[in-house]
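> Sharing my_file-v1.txt (compact mmCIF, C-alpha atoms and all ligand atoms) below.
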# COMPACT_ATOMS: atom_id res chain seq x y z
CA MET A 446 -12.99 16.11 -25.52
CA LYS A 447 -10.88 12.93 -25.72
CA ILE A 448 -10.88 11.03 -22.42
CA LEU A 449 -8.26 8.32 -21.95
CA VAL A 450 -8.71 5.75 -19.18
CA ILE A 451 -5.49 4.04 -18.09
CA ALA A 452 -6.74 0.58 -17.11
CA GLU A 453 -4.83 -2.06 -15.15
CA ALA A 454 -4.86 -5.66 -16.36
CA GLN A 455 -5.61 -8.41 -13.87
CA GLY A 456 -5.13 -11.75 -15.60
CA LYS A 457 -7.62 -11.93 -18.45
CA GLU A 458 -9.72 -9.04 -17.09
CA ILE A 459 -9.27 -5.46 -16.06
CA ARG A 460 -9.26 -4.62 -12.37
CA HIS A 461 -12.50 -3.69 -10.63
CA ALA A 462 -10.88 -0.40 -9.66
CA SER A 463 -10.28 0.34 -13.36
CA ARG A 464 -13.95 -0.37 -14.09
CA SER A 465 -14.82 2.22 -11.43
CA ALA A 466 -12.47 4.64 -13.21
CA ILE A 467 -14.40 3.93 -16.43
CA THR A 468 -17.62 4.90 -14.62
CA LEU A 469 -16.06 8.25 -13.68
CA ALA A 470 -14.91 8.65 -17.30
CA LYS A 471 -18.48 8.00 -18.47
CA ASN A 472 -19.80 10.63 -16.06
CA ALA A 473 -17.21 13.11 -17.34
CA ALA A 474 -18.01 12.20 -20.96
CA ALA A 475 -21.70 12.79 -20.35
CA ALA A 476 -21.01 16.11 -18.61
CA ALA A 477 -18.59 17.44 -21.25
CA ASN A 478 -19.61 15.65 -24.44
CA GLY A 479 -16.48 13.52 -24.32
CA GLU A 480 -15.31 10.43 -26.14
CA ILE A 481 -13.70 7.59 -24.16
CA GLU A 482 -10.73 5.43 -25.07
CA ILE A 483 -8.88 2.94 -22.88
CA ALA A 484 -5.14 2.20 -22.75
CA ILE A 485 -3.51 -0.83 -21.17
CA ILE A 486 0.22 -1.23 -20.60
CA GLY A 487 1.95 -4.49 -19.69
CA ASP A 488 3.03 -7.85 -20.99
CA ASP A 489 0.69 -10.62 -22.08
CA ILE A 490 -2.29 -8.24 -21.93
CA GLU A 491 -4.16 -9.35 -25.03
CA ALA A 492 -7.03 -11.03 -23.14
CA ALA A 493 -7.37 -8.10 -20.73
CA ALA A 494 -7.39 -5.70 -23.68
CA THR A 495 -10.20 -7.69 -25.32
CA ALA A 496 -12.11 -7.50 -22.02
CA ALA A 497 -11.47 -3.73 -21.85
CA SER A 498 -12.70 -3.24 -25.41
CA ALA A 499 -16.18 -4.22 -24.21
CA TYR A 500 -16.23 -0.79 -22.50
CA ALA A 501 -14.54 1.44 -25.11
CA PRO A 502 -11.99 1.25 -27.95
CA THR A 503 -8.78 -0.01 -26.39
CA PHE A 504 -5.12 0.71 -27.17
CA THR A 505 -2.30 -1.50 -25.95
CA LEU A 506 1.39 -1.08 -25.27
CA SER A 507 2.68 -4.59 -24.75
CA ASP A 508 6.26 -5.63 -24.14
CA ALA A 509 8.11 -8.06 -21.88
CA SER A 510 9.94 -5.10 -20.31
CA LEU A 511 6.58 -3.69 -19.18
CA ALA A 512 5.55 -6.78 -17.22
CA ASN A 513 5.90 -4.90 -13.94
CA ALA A 514 4.72 -1.37 -13.31
CA THR A 515 7.79 0.70 -12.47
CA ALA A 516 6.82 4.34 -12.12
CA ASP A 517 9.47 5.89 -14.38
CA ARG A 518 8.82 3.51 -17.26
CA TYR A 519 5.03 3.43 -16.97
CA GLY A 520 4.85 7.19 -16.33
CA ALA A 521 6.81 7.91 -19.53
CA ALA A 522 4.76 5.34 -21.45
CA ILE A 523 1.49 6.91 -20.30
CA ALA A 524 2.76 10.38 -21.28
CA LYS A 525 3.58 9.12 -24.78
CA ILE A 526 0.18 7.43 -25.14
CA VAL A 527 -1.64 10.59 -23.99
CA GLU A 528 0.26 12.65 -26.57
CA GLN A 529 -0.29 10.10 -29.32
CA ARG A 530 -4.04 9.81 -28.63
CA GLY A 531 -4.48 13.57 -28.12
CA ALA A 532 -6.30 13.12 -24.81
CA SER A 533 -7.07 16.21 -22.75
CA LEU A 534 -8.47 14.24 -19.81
CA VAL A 535 -6.73 11.16 -18.39
CA ILE A 536 -8.42 9.00 -15.75
CA ALA A 537 -6.93 6.13 -13.75
CA ALA A 538 -7.93 4.26 -10.62
CA SER A 539 -6.66 5.50 -7.24
CA THR A 540 -4.63 2.32 -6.77
CA SER A 541 -0.97 2.38 -5.71
CA GLN A 542 -0.04 1.81 -9.34
CA GLY A 543 -2.46 4.45 -10.58
CA LYS A 544 -1.26 7.13 -8.20
CA ASP A 545 2.41 6.29 -8.69
CA CYS A 546 2.45 6.15 -12.46
CA VAL A 547 -0.09 8.71 -13.68
CA ALA A 548 1.31 11.38 -11.34
CA ARG A 549 4.63 11.09 -13.17
CA ALA A 550 2.86 11.29 -16.52
CA ALA A 551 0.98 14.42 -15.38
CA ALA A 552 4.25 16.05 -14.31
CA SER A 553 6.11 15.23 -17.50
CA LEU A 554 3.19 16.45 -19.66
CA GLY A 555 2.93 19.69 -17.67
CA GLY A 556 -0.65 18.74 -16.80
CA THR A 557 -2.79 19.18 -13.71
CA MET A 558 -3.49 16.38 -11.26
CA VAL A 559 -6.62 15.71 -9.22
CA THR A 560 -6.38 12.67 -6.92
CA ASP A 561 -9.11 10.64 -5.24
CA ALA A 562 -12.00 12.12 -7.23
CA ILE A 563 -15.46 11.18 -5.99
CA ALA A 564 -17.61 13.22 -8.40
CA CYS A 565 -17.44 15.51 -11.39
CA GLU A 566 -19.82 18.16 -12.73
CA ASN A 567 -19.95 20.60 -15.59
CA ARG A 568 -20.17 24.13 -14.17
CA ASP A 569 -20.38 26.91 -16.76
CA GLY A 570 -18.72 24.75 -19.40
CA LYS A 571 -15.85 23.67 -17.13
CA LEU A 572 -15.49 20.28 -15.44
CA VAL A 573 -15.12 20.57 -11.68
CA TRP A 574 -14.05 17.69 -9.48
CA GLN A 575 -14.99 16.69 -5.99
CA ARG A 576 -12.20 15.04 -4.01
CA THR A 577 -11.76 13.88 -0.45
CA MET A 578 -9.28 15.59 1.84
CA HIS A 579 -8.17 15.29 5.48
CA ALA A 580 -8.78 11.54 5.80
CA GLY A 581 -12.20 11.80 4.19
CA GLY A 582 -13.32 14.45 6.69
CA VAL A 583 -13.71 17.09 3.95
CA ALA A 584 -14.98 16.86 0.39
CA ALA A 585 -13.71 19.78 -1.69
CA TRP A 586 -14.71 20.91 -5.21
CA VAL A 587 -11.68 21.85 -7.30
CA VAL A 588 -11.13 23.21 -10.80
CA ALA A 589 -8.12 21.84 -12.66
CA HIS A 590 -6.54 24.48 -14.91
CA GLY A 591 -4.17 23.40 -17.66
CA SER A 592 -4.05 20.42 -19.96
CA PRO A 593 -4.10 17.51 -19.82
CA VAL A 594 -6.09 17.09 -16.64
CA VAL A 595 -5.07 13.84 -14.94
CA VAL A 596 -7.52 12.38 -12.43
CA THR A 597 -7.48 9.33 -10.19
CA ALA A 598 -10.90 7.93 -9.25
CA LEU A 599 -11.59 6.69 -5.74
CA GLN A 600 -12.88 3.17 -6.33
CA SER A 601 -15.36 3.25 -3.45
CA ALA A 602 -17.17 6.24 -5.00
CA TYR A 603 -18.13 4.50 -8.26
CA GLU A 604 -19.88 1.28 -9.18
CA PRO A 605 -17.74 -0.71 -11.63
CA ALA A 606 -18.84 0.01 -15.23
CA GLU A 607 -20.73 -2.73 -17.06
CA PRO A 608 -19.58 -3.83 -20.53
CA THR A 609 -21.53 -2.18 -23.35
CA GLY A 610 -20.48 -4.22 -26.40
CA GLU A 611 -17.57 -5.14 -28.60
CA THR A 612 -15.27 -2.40 -29.93
CA SER A 613 -11.68 -2.53 -31.15
CA VAL A 614 -8.21 -3.31 -29.81
CA THR A 615 -5.27 -1.51 -31.43
CA ALA A 616 -1.58 -1.97 -30.66
CA LEU A 617 0.21 1.35 -30.24
CA GLU A 618 3.48 2.04 -31.99
CA ILE A 619 5.77 3.42 -29.32
CA ASP A 620 9.51 2.83 -29.09
CA VAL A 621 9.65 0.89 -25.80
CA ALA A 622 13.49 0.93 -25.85
CA SER A 623 13.39 4.72 -25.42
CA LEU A 624 11.46 4.52 -22.13
CA PRO A 625 13.49 5.17 -18.97
CA SER A 626 14.58 2.20 -16.90
CA ALA A 627 16.23 3.72 -13.83
CA ILE A 628 13.95 1.63 -11.63
CA GLN A 629 14.50 -2.10 -12.06
CA PHE A 630 11.92 -4.55 -10.79
CA GLU A 631 13.46 -7.10 -8.44
CA SER A 632 10.71 -9.15 -6.81
CA VAL A 633 7.36 -8.93 -5.14
CA SER A 634 6.28 -10.79 -2.05
CA THR A 635 2.60 -11.36 -1.60
CA LYS A 636 0.55 -13.74 0.48
CA GLN A 637 -1.46 -16.22 -1.54
CA SER A 638 -5.03 -16.36 -0.35
CA ASP A 639 -8.21 -17.92 -1.65
CA ARG A 640 -10.17 -15.02 -0.13
CA PRO A 641 -11.17 -12.06 -2.28
CA ASP A 642 -9.00 -8.97 -1.83
CA VAL A 643 -10.41 -6.56 0.75
CA THR A 644 -10.82 -3.88 -1.95
CA GLU A 645 -12.86 -6.15 -4.21
CA ALA A 646 -14.90 -8.28 -1.78
CA ALA A 647 -18.67 -7.73 -1.59
CA VAL A 648 -18.56 -8.67 2.10
CA VAL A 649 -15.69 -7.64 4.38
CA ILE A 650 -15.25 -9.05 7.88
CA SER A 651 -12.87 -6.75 9.69
CA GLY A 652 -11.16 -7.26 13.06
CA GLY A 653 -9.48 -4.86 15.46
CA ARG A 654 -7.49 -4.79 18.66
CA ALA A 655 -10.10 -6.92 20.44
CA PHE A 656 -8.27 -9.99 19.09
CA LYS A 657 -5.42 -11.17 21.25
CA THR A 658 -3.35 -13.15 18.75
CA ALA A 659 -2.89 -13.66 15.01
CA GLU A 660 -4.26 -17.19 15.46
CA ASP A 661 -7.48 -15.82 17.03
CA TYR A 662 -7.83 -13.29 14.20
CA GLU A 663 -7.35 -15.93 11.52
CA GLN A 664 -9.62 -18.44 13.19
CA LEU A 665 -12.45 -16.01 14.03
CA ILE A 666 -12.29 -13.21 11.42
CA GLY A 667 -10.94 -15.53 8.71
CA GLY A 668 -13.36 -18.30 9.68
CA LEU A 669 -16.38 -16.00 9.47
CA ALA A 670 -15.17 -14.49 6.18
CA ASP A 671 -14.79 -17.97 4.69
CA LYS A 672 -18.28 -18.88 5.81
CA VAL A 673 -19.76 -16.02 3.75
CA GLY A 674 -17.20 -15.97 0.91
CA GLY A 675 -15.95 -12.59 2.09
CA GLY A 676 -12.62 -10.81 2.41
CA THR A 677 -10.82 -9.95 5.65
CA GLY A 678 -10.05 -6.43 6.83
CA SER A 679 -8.51 -4.95 9.94
CA SER A 680 -7.75 -1.80 11.86
CA ARG A 681 -4.24 -0.40 11.92
CA ALA A 682 -3.94 -1.22 15.62
CA ALA A 683 -4.39 -4.90 14.79
CA VAL A 684 -1.78 -4.67 12.03
CA ASP A 685 0.68 -2.81 14.27
CA ALA A 686 0.23 -5.46 16.95
CA GLY A 687 1.11 -8.18 14.42
CA ILE A 688 -2.37 -9.67 14.71
CA ALA A 689 -3.61 -8.94 11.18
CA PRO A 690 -1.63 -8.92 7.91
CA ASN A 691 -0.55 -5.56 6.54
CA GLU A 692 -2.51 -5.87 3.32
CA ASN A 693 -5.77 -6.11 5.28
CA GLN A 694 -5.55 -2.63 6.80
CA VAL A 695 -8.54 -0.43 6.08
CA GLY A 696 -8.42 3.31 6.59
CA GLN A 697 -6.61 6.55 5.92
CA THR A 698 -3.23 4.85 5.63
CA GLY A 699 -4.69 1.54 4.49
CA LYS A 700 -7.21 0.63 1.85
CA ILE A 701 -10.38 2.52 1.02
CA ILE A 702 -13.29 0.19 0.49
CA ALA A 703 -17.05 0.28 -0.04
CA PRO A 704 -18.35 -3.30 0.11
CA ASP A 705 -22.02 -4.25 0.15
CA LEU A 706 -21.54 -5.30 3.78
CA TYR A 707 -18.80 -4.23 6.18
CA LEU A 708 -18.78 -6.00 9.56
CA GLY A 709 -16.34 -4.40 12.00
CA ILE A 710 -15.63 -6.60 15.03
CA GLY A 711 -13.73 -5.26 18.01
CA ILE A 712 -12.97 -2.05 16.15
CA SER A 713 -13.60 1.25 17.92
CA GLY A 714 -14.15 3.33 14.75
CA ALA A 715 -11.38 5.93 14.94
CA VAL A 716 -11.69 8.68 12.33
CA GLN A 717 -8.71 7.23 10.44
CA HIS A 718 -10.47 3.87 10.20
CA LEU A 719 -13.81 5.42 9.21
CA ALA A 720 -12.02 7.18 6.33
CA GLY A 721 -11.52 3.78 4.74
CA MET A 722 -14.96 2.20 5.11
CA LYS A 723 -17.68 4.70 5.88
CA ASN A 724 -19.05 4.53 2.31
CA SER A 725 -19.85 0.81 2.69
CA LYS A 726 -23.44 0.12 1.71
CA ILE A 727 -24.35 -1.65 4.95
CA ILE A 728 -22.23 -1.27 8.07
CA ALA A 729 -22.54 -3.67 10.98
CA ALA A 730 -20.52 -3.85 14.18
CA ILE A 731 -19.87 -6.20 17.06
CA ASN A 732 -18.39 -4.53 20.11
CA THR A 733 -18.49 -4.88 23.86
CA ASP A 734 -18.75 -1.09 24.18
CA ASP A 735 -22.13 0.36 23.18
CA GLU A 736 -20.51 3.80 22.91
CA ALA A 737 -17.82 2.81 20.36
CA PRO A 738 -17.82 5.51 17.60
CA LEU A 739 -18.24 2.87 14.86
CA LEU A 740 -21.74 2.26 16.19
CA ASP A 741 -22.75 5.81 15.16
CA TYR A 742 -22.24 4.72 11.53
CA ALA A 743 -23.62 1.19 11.89
CA ASP A 744 -26.93 0.05 10.43
CA PHE A 745 -26.78 -2.97 12.73
CA ALA A 746 -24.89 -3.51 15.97
CA LEU A 747 -24.45 -6.39 18.36
CA ILE A 748 -23.16 -5.60 21.83
CA ALA A 749 -21.27 -8.77 22.61
CA ASP A 750 -17.87 -10.27 23.16
CA ALA A 751 -16.30 -11.20 19.81
CA TYR A 752 -14.97 -14.43 21.28
CA ASP A 753 -18.54 -15.56 22.07
CA ALA A 754 -20.42 -14.00 19.15
CA ILE A 755 -18.27 -15.15 16.22
CA PRO A 756 -18.28 -18.91 16.95
CA GLU A 757 -22.06 -18.67 17.41
CA LEU A 758 -22.41 -16.79 14.09
CA ILE A 759 -20.20 -19.32 12.27
CA ASP A 760 -22.29 -22.09 13.77
CA LYS A 761 -25.58 -20.54 12.68
CA LEU A 762 -24.58 -19.59 9.13
C1 LIG B 1 -1.76 9.29 10.96
C2 LIG B 1 -2.60 8.13 11.41
C3 LIG B 1 -3.09 7.26 10.47
C4 LIG B 1 -3.89 6.17 10.86
N1 LIG B 1 -4.39 5.33 9.90
C5 LIG B 1 -5.22 4.34 10.28
C6 LIG B 1 -5.82 3.47 9.31
O1 LIG B 1 -5.56 3.58 8.10
N2 LIG B 1 -6.67 2.52 9.75
C7 LIG B 1 -6.97 2.34 11.08
O2 LIG B 1 -7.76 1.44 11.40
N3 LIG B 1 -6.40 3.13 12.00
C8 LIG B 1 -5.52 4.11 11.64
N4 LIG B 1 -4.94 4.86 12.60
C9 LIG B 1 -5.08 4.45 14.02
C10 LIG B 1 -6.40 4.88 14.63
O3 LIG B 1 -6.28 6.19 15.14
C11 LIG B 1 -6.79 3.94 15.77
O4 LIG B 1 -5.75 3.88 16.72
C12 LIG B 1 -7.09 2.50 15.33
O5 LIG B 1 -8.00 2.51 14.25
C13 LIG B 1 -7.71 1.74 16.50
O6 LIG B 1 -7.87 0.40 16.17
P1 LIG B 1 -8.93 -0.52 16.91
O7 LIG B 1 -10.28 0.09 16.75
O8 LIG B 1 -8.71 -1.91 16.47
O9 LIG B 1 -8.42 -0.45 18.42
P2 LIG B 1 -9.06 0.24 19.69
O10 LIG B 1 -9.28 1.68 19.47
O11 LIG B 1 -8.21 -0.17 20.84
O12 LIG B 1 -10.51 -0.41 19.81
C14 LIG B 1 -10.74 -1.75 20.14
C15 LIG B 1 -12.24 -1.93 20.20
O13 LIG B 1 -12.53 -3.28 20.45
C16 LIG B 1 -13.57 -3.36 21.42
N5 LIG B 1 -13.38 -4.62 22.11
C17 LIG B 1 -12.41 -4.98 22.98
N6 LIG B 1 -12.51 -6.27 23.33
C18 LIG B 1 -13.58 -6.75 22.67
C19 LIG B 1 -14.19 -8.03 22.57
N7 LIG B 1 -13.70 -9.08 23.24
N8 LIG B 1 -15.27 -8.18 21.79
C20 LIG B 1 -15.78 -7.13 21.09
N9 LIG B 1 -15.26 -5.90 21.13
C21 LIG B 1 -14.15 -5.72 21.91
C22 LIG B 1 -13.38 -2.14 22.30
O14 LIG B 1 -14.58 -1.79 22.95
C23 LIG B 1 -12.94 -1.11 21.27
O15 LIG B 1 -14.05 -0.44 20.71
C24 LIG B 1 -4.16 5.95 12.23
C25 LIG B 1 -3.65 6.85 13.18
C26 LIG B 1 -2.89 7.91 12.78
C27 LIG B 1 -2.37 8.86 13.83
Translate the structure of the given file into structure tokens.
Ligand SMILES: Cc1cc2nc3c(=O)[nH]c(=O)nc-3n(C[C@H](O)[C@H](O)[C@H](O)COP(=O)(O)OP(=O)(O)OC[C@H]3O[C@@H](n4cnc5c(N)ncnc54)[C@H](O)[C@@H]3O)c2cc1C

Amino acid sequence: MKILVIAEAQGKEIRHASRSAITLAKNAAAAANGEIEIAIIGDDIEAAATAASAYAPTFTLSDASLANATADRYGAAIAKIVEQRGASLVIAASTSQGKDCVARAAASLGGTMVTDAIACENRDGKLVWQRTMHAGGVAAWVVAHGSPVVVTALQSAYEPAEPTGETSVTALEIDVASLPSAIQFESVSTKQSDRPDVTEAAVVISGGRAFKTAEDYEQLIGGLADKVGGGTGSSRAAVDAGIAPNENQVGQTGKIIAPDLYLGIGISGAVQHLAGMKNSKIIAAINTDDEAPLLDYADFALIADAYDAIPELIDKL
């Protein structure tokens, strides 16, 4: 079985989430005697492709018009690559880009899509996939009939793959001019931050509605995160109240993360929030309420007022 991983370039590397997708691909390859290849689409992706080739032979589609991932163009490009490489299983990360673009490729190839996979097994010669449903409340096993099978891997379920040695990088010959261009990229607005992204940080300090203002959140949650080189997360309530930035939201409608340490401060632990962080390796909480639901999942808890506890923690670290 030919397995094609659609990896996302991030500067000179491939994204952590794509390395987690490679881990799922390796599991699938081991379960079904498969052979892995990687494809990268974009512009100026040579260094990232070399990095990717340390995991498996890598194929590139590089063009200035592919600098930004628009779903129609990337979806069609992925479909062409899948056909050209003869892949029967396509795996991408469950990132916004992954879900947006590979879903289109699956539809145009007449394939079957499985999103947010957290495990795969060979049962009676057929790969079956475990995926989360209902905000992480249910984990279902599904069989994907048809070909190709297109899967997105939930990053928090897989350790990023480690490089295994040098292989090859090959440029694909695909007529880029023939790709659709109904969606034109205009601009992107993103906040520049020296902190690691919440999805990639080993330590996440996360704040909820306990914080009264954006300044308090930045000073206390941001200050503690900076002290430990961590990323900042938040509940949706804090985002909705304008206290925390949108991109920090963790949960069902935010980001799904599994850091080494998740510290939730002034967060009650609603089911929609738990859906985004309950797979963290160590969970700690600071809350004034010793019955807050997050404490049921916490390895460590401090019953204290965030406004007292955080300055003391920053001081002691
Ligand atoms: C469809 C849908 C999707 C949703 N998606 C998400 C999502 O992706 N992510 C998400 O987070 N939520 C999501 N929600 C919202 C979710 O249901 C909760 O409303 C939200 O998570 C609550 O945020 P919170 O814990 O910050 O606030 P609250 O529930 O108000 O909890 C605040 C906590 O802070 C504690 N506290 C108060 N003051 C202090 C203090 N000084 N020091 C220490 N502790 C203090 C309180 O005891 C309490 O536990 C979603 C809801 C719906 C309906």
> Find the residues around A:Gly591 up to 7 Å (all atoms listed in the file counted), leave out those fewer than 3 positions away in its own chain, and share them as a PDB file with C-alpha atoms, in the frame of the given file.

ATOM      1  CA  GLY A 556      -0.650  18.740 -16.800  1.00  0.00           C
ATOM      2  CA  THR A 557      -2.790  19.180 -13.710  1.00  0.00           C
ATOM      3  CA  VAL A 594      -6.090  17.090 -16.640  1.00  0.00           C
TER       4      VAL A 594
END
> Considering only C-alpha atoms, can you say which of A:Ile448, A:Ala749, A:Val643, A:Ala670 comes closest to A:Gly699?
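When distances to A:Gly699 are compared using only C-alpha atoms, the smallest one comes from A:Val643.
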> Write out as a PyMOL selection string each polymer residue whose atoms come within 9 Å of A:Arg654, counting only C-alpha atoms; drop sequence neighbours fewer than 3 positions from it.
chain A and resi 657+679-684+686+688+711-713
> Interatomic distance between atom CA of A:Ala537 and atom CA of A:Gly721?
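Straight-line distance from atom CA of A:Ala537 to atom CA of A:Gly721 works out to 19.2 Å.
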> Enumerate as a ChimeraX atom specification the residues within 9 Å of ligand LIG 1 (chain B), counting only C-alpha atoms and all ligand atoms.
/A:580,652-657,679-684,694-701,709-721,730-739,748-754
> Residues around (-9.8, -9.9, 6.2), cut-off 7 Å, counting all atoms listed in the file - what are they as a PyMOL selection string?
chain A and resi 643+649-651+666-667+676-679+693
> Would you kindly return, as a ChimeraX atom specification, each protein, DNA or RNA residue with an atom no farther than 12 Å from any atom of A:Thr635, considering all atoms listed in the file and excluding same-chain residues fewer than 5 positions away?
/A:642,690-692
> One decimal, in Å: what's the spacing between atom CA of A:Thr505 and atom CA of A:Ile486?
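Going from atom CA of A:Thr505 over to atom CA of A:Ile486 covers 5.9 Å.
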> Can you tell me how far atom CA of A:Ala532 sits from atom CA of A:Thr615, in Å to one decimal?
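Interatomic distance, atom CA of A:Ala532 to atom CA of A:Thr615: 16.1 Å.
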> With distances taken over all atoms listed in the file, which residue among A:Asp685, A:Lys447, A:Ala647, A:Val614 lies nearest A:Ser725?
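Residue with the minimum atom-to-atom distance to A:Ser725: A:Ala647.
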> Extract stretch 695-734 of chain A from the structure I just pasted (atoms: C-alpha atoms) and return it as a PDB file, in the first residue's frame.

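File produced: part.pdb:
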ATOM      1  CA  VAL A 695      -8.259  25.822  23.596  1.00  0.00           C
ATOM      2  CA  GLY A 696     -11.192  23.461  23.235  1.00  0.00           C
ATOM      3  CA  GLN A 697     -13.880  22.074  20.992  1.00  0.00           C
ATOM      4  CA  THR A 698     -14.088  25.232  18.904  1.00  0.00           C
ATOM      5  CA  GLY A 699     -10.485  26.233  19.583  1.00  0.00           C
ATOM      6  CA  LYS A 700      -7.227  24.354  19.406  1.00  0.00           C
ATOM      7  CA  ILE A 701      -6.637  20.782  20.498  1.00  0.00           C
ATOM      8  CA  ILE A 702      -3.401  20.427  22.393  1.00  0.00           C
ATOM      9  CA  ALA A 703      -1.458  17.854  24.402  1.00  0.00           C
ATOM     10  CA  PRO A 704       1.532  19.617  25.982  1.00  0.00           C
ATOM     11  CA  ASP A 705       3.837  18.035  28.551  1.00  0.00           C
ATOM     12  CA  LEU A 706       2.313  20.391  31.132  1.00  0.00           C
ATOM     13  CA  TYR A 707      -1.015  22.203  30.959  1.00  0.00           C
ATOM     14  CA  LEU A 708      -1.688  24.682  33.778  1.00  0.00           C
ATOM     15  CA  GLY A 709      -5.279  25.961  33.736  1.00  0.00           C
ATOM     16  CA  ILE A 710      -5.773  29.032  35.927  1.00  0.00           C
ATOM     17  CA  GLY A 711      -9.233  30.350  36.681  1.00  0.00           C
ATOM     18  CA  ILE A 712     -10.765  27.900  34.230  1.00  0.00           C
ATOM     19  CA  SER A 713     -13.751  25.846  35.369  1.00  0.00           C
ATOM     20  CA  GLY A 714     -13.164  22.904  32.995  1.00  0.00           C
ATOM     21  CA  ALA A 715     -16.334  22.856  30.887  1.00  0.00           C
ATOM     22  CA  VAL A 716     -16.635  19.798  28.650  1.00  0.00           C
ATOM     23  CA  GLN A 717     -15.927  21.947  25.586  1.00  0.00           C
ATOM     24  CA  HIS A 718     -12.667  23.134  27.145  1.00  0.00           C
ATOM     25  CA  LEU A 719     -11.666  19.635  28.281  1.00  0.00           C
ATOM     26  CA  ALA A 720     -12.093  18.453  24.671  1.00  0.00           C
ATOM     27  CA  GLY A 721      -9.070  20.559  23.777  1.00  0.00           C
ATOM     28  CA  MET A 722      -6.616  19.679  26.539  1.00  0.00           C
ATOM     29  CA  LYS A 723      -7.548  16.539  28.421  1.00  0.00           C
ATOM     30  CA  ASN A 724      -4.809  14.513  26.672  1.00  0.00           C
ATOM     31  CA  SER A 725      -2.083  16.759  28.137  1.00  0.00           C
ATOM     32  CA  LYS A 726       0.583  14.676  29.840  1.00  0.00           C
ATOM     33  CA  ILE A 727       0.405  16.534  33.160  1.00  0.00           C
ATOM     34  CA  ILE A 728      -2.570  18.711  34.046  1.00  0.00           C
ATOM     35  CA  ALA A 729      -2.391  21.266  36.839  1.00  0.00           C
ATOM     36  CA  ALA A 730      -4.977  23.793  37.950  1.00  0.00           C
ATOM     37  CA  ILE A 731      -5.251  26.888  40.096  1.00  0.00           C
ATOM     38  CA  ASN A 732      -8.793  27.746  41.112  1.00  0.00           C
ATOM     39  CA  THR A 733     -10.609  29.294  44.034  1.00  0.00           C
ATOM     40  CA  ASP A 734     -13.291  26.599  43.756  1.00  0.00           C
TER      41      ASP A 734
END
